[in-house]
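Colleague: One structure follows; several queries about it will come next.
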Amino acid sequence: QVQLVESGGGLVQAGGSLRLSCAASRSIFSGNAMGWYRQAPGKQRELVARITSGGITNYADSVKGRFAISRDNAKNTVLLQMNSLKYEDTAVYYCNAFPVVPPYYWGKGTLVTVSS
C-alpha cells in the first residue's frame with residue numbers, strides 16, 4: 001500500500017519554528033532519497049530539502065541555514081525542522097522520494113502559514 005502522510009503544519013509567527021513529519025510506505029522510502037517539497041499559492045511545487053538513504057542532505061538556497069531534514073530508516077519517516085520562518089515559507093508542504101518514483105503518488109500535504 002502506497003502511503004505518504006505529512007503532519008505538523010500550522011500557523012506560526014515570523015521567526016518561529018515548526019517541525020514537520022512524514023510517514024512513508026516502505027515501497028517509497030526504502031533505499032530512496034527523500035525530499036520535502038512545497039507549493040505556495042499560485043506557484044509550482046518546488047523541492048526545498050532532500051536527504052539520501054545514507055543521510056547526505058541538500059537544501060534550496062531559500063531555506064539553507066534555517067531548515068534541517070532528517071530521516072529515520074527504521075521507521076520510514078522523514079522530518080523537517082523549520083526555524084526562523086518567514087512569510088514566504090507559507091505553503092503546503094509535501095514529502096516524497098527524490099526523484100519521485102512510480103506510481104507517482106502524492107499525499108495531502110500539510111499547510112504551513114507564517115504570519116508577518
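Each chain in the C-alpha cells gets a letter, A, B and so on, in the order shown; residues start at 1 in every chain, and ligands are counted from 1 in the order they appear.
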For Thr90 (chain A), work out the shell of residues within 9 Å, counting only C-alpha atoms and skipping chain neighbours fewer than 2 positions away, then give it as an MDAnalysis selection string.

Modeller: chainID A and resid 38:41 85:88 92:93 111:115

Colleague: Would you mind listing what lies within 10 Å of region 21-37 of chain A as a VMD selection string, with only C-alpha atoms counted and same-chain residues fewer than 4 positions away left out?

Modeller: chain A and resid 1 to 9 45 to 59 69 to 81 91 to 105 107 109 to 110

Colleague: Among chain A, which ones does DSSP place in alpha helix (DSSP H), written as a PyMOL selection string?

Modeller: chain A and resi 26-29

Colleague: So that I can check the surroundings of Met82 (chain A), please list as a VMD selection string every protein, DNA and RNA residue that reaches within 9 Å of it, counting only C-alpha atoms and ignoring chain neighbours fewer than 4 positions away.

Modeller: chain A and resid 16 to 20 63 66 to 69

Colleague: Using all heavy atoms, can you export the residues from the last selection as a compact mmCIF listing (two decimals), in the first residue's frame?

Modeller:
```txt
# COMPACT_ATOMS: atom_id res chain seq x y z
N GLY A 16 9.33 32.12 14.04
CA GLY A 16 9.03 30.92 14.81
C GLY A 16 9.54 29.66 14.16
O GLY A 16 10.22 29.69 13.13
N SER A 17 9.18 28.53 14.78
CA SER A 17 9.66 27.22 14.32
C SER A 17 8.50 26.24 14.22
O SER A 17 7.50 26.35 14.95
CB SER A 17 10.70 26.66 15.29
OG SER A 17 11.83 27.50 15.37
N LEU A 18 8.67 25.28 13.34
CA LEU A 18 7.76 24.14 13.23
C LEU A 18 8.58 22.92 12.86
O LEU A 18 9.64 23.04 12.24
CB LEU A 18 6.70 24.37 12.15
CG LEU A 18 5.53 25.30 12.45
CD1 LEU A 18 4.69 25.49 11.18
CD2 LEU A 18 4.66 24.75 13.57
N ARG A 19 8.07 21.77 13.22
CA ARG A 19 8.69 20.52 12.80
C ARG A 19 7.66 19.69 12.08
O ARG A 19 6.64 19.31 12.64
CB ARG A 19 9.27 19.75 13.99
CG ARG A 19 10.14 18.58 13.55
CD ARG A 19 10.81 17.87 14.68
NE ARG A 19 9.93 16.92 15.34
CZ ARG A 19 10.35 15.88 16.04
NH1 ARG A 19 11.65 15.67 16.17
NH2 ARG A 19 9.49 15.08 16.61
N LEU A 20 7.97 19.38 10.84
CA LEU A 20 7.08 18.55 10.02
C LEU A 20 7.54 17.10 10.07
O LEU A 20 8.73 16.82 10.16
CB LEU A 20 7.08 19.04 8.58
CG LEU A 20 6.76 20.52 8.35
CD1 LEU A 20 6.70 20.80 6.85
CD2 LEU A 20 5.48 20.92 9.04
N VAL A 63 16.18 28.21 1.88
CA VAL A 63 15.97 27.67 3.23
C VAL A 63 17.27 27.26 3.90
O VAL A 63 17.27 26.86 5.07
CB VAL A 63 14.99 26.48 3.22
CG1 VAL A 63 13.69 26.84 2.52
CG2 VAL A 63 15.62 25.24 2.57
N ARG A 66 18.31 27.47 7.72
CA ARG A 66 17.11 27.60 8.55
C ARG A 66 16.36 26.29 8.70
O ARG A 66 15.73 26.06 9.74
CB ARG A 66 16.16 28.64 7.94
CG ARG A 66 16.75 30.02 7.80
CD ARG A 66 15.71 31.03 7.38
NE ARG A 66 15.15 30.74 6.05
CZ ARG A 66 13.86 30.50 5.81
NH1 ARG A 66 12.99 30.51 6.80
NH2 ARG A 66 13.45 30.26 4.56
N PHE A 67 16.40 25.44 7.68
CA PHE A 67 15.68 24.16 7.69
C PHE A 67 16.69 23.02 7.83
O PHE A 67 17.83 23.13 7.36
CB PHE A 67 14.91 23.96 6.38
CG PHE A 67 13.70 24.85 6.21
CD1 PHE A 67 13.46 25.94 7.04
CD2 PHE A 67 12.80 24.60 5.18
CE1 PHE A 67 12.36 26.75 6.86
CE2 PHE A 67 11.69 25.39 5.00
CZ PHE A 67 11.47 26.47 5.83
N ALA A 68 16.24 21.95 8.45
CA ALA A 68 17.07 20.76 8.59
C ALA A 68 16.21 19.52 8.34
O ALA A 68 15.19 19.33 9.01
CB ALA A 68 17.71 20.69 9.97
N ILE A 69 16.65 18.70 7.40
CA ILE A 69 15.93 17.47 7.08
C ILE A 69 16.65 16.29 7.72
O ILE A 69 17.88 16.28 7.81
CB ILE A 69 15.82 17.29 5.54
CG1 ILE A 69 14.92 16.10 5.20
CG2 ILE A 69 17.20 17.15 4.90
CD1 ILE A 69 14.62 16.00 3.69
```

Colleague: To one decimal place in Å, what is the distance between CA of Gln13 (chain A) and CA of Ser116 (chain A)?

Modeller: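 Between CA of Gln13 (chain A) and CA of Ser116 (chain A) the gap works out to 6.3 Å.
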
Colleague: From the set A:Trp106, A:Lys43, A:Ser62, A:Ser84, which residue has the shortest atom-to-atom contact distance to Val12 (chain A), counting only C-alpha atoms?

Modeller: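 Among A:Trp106, A:Lys43, A:Ser62, A:Ser84, it is A:Ser84 that comes nearest to Val12 (chain A).
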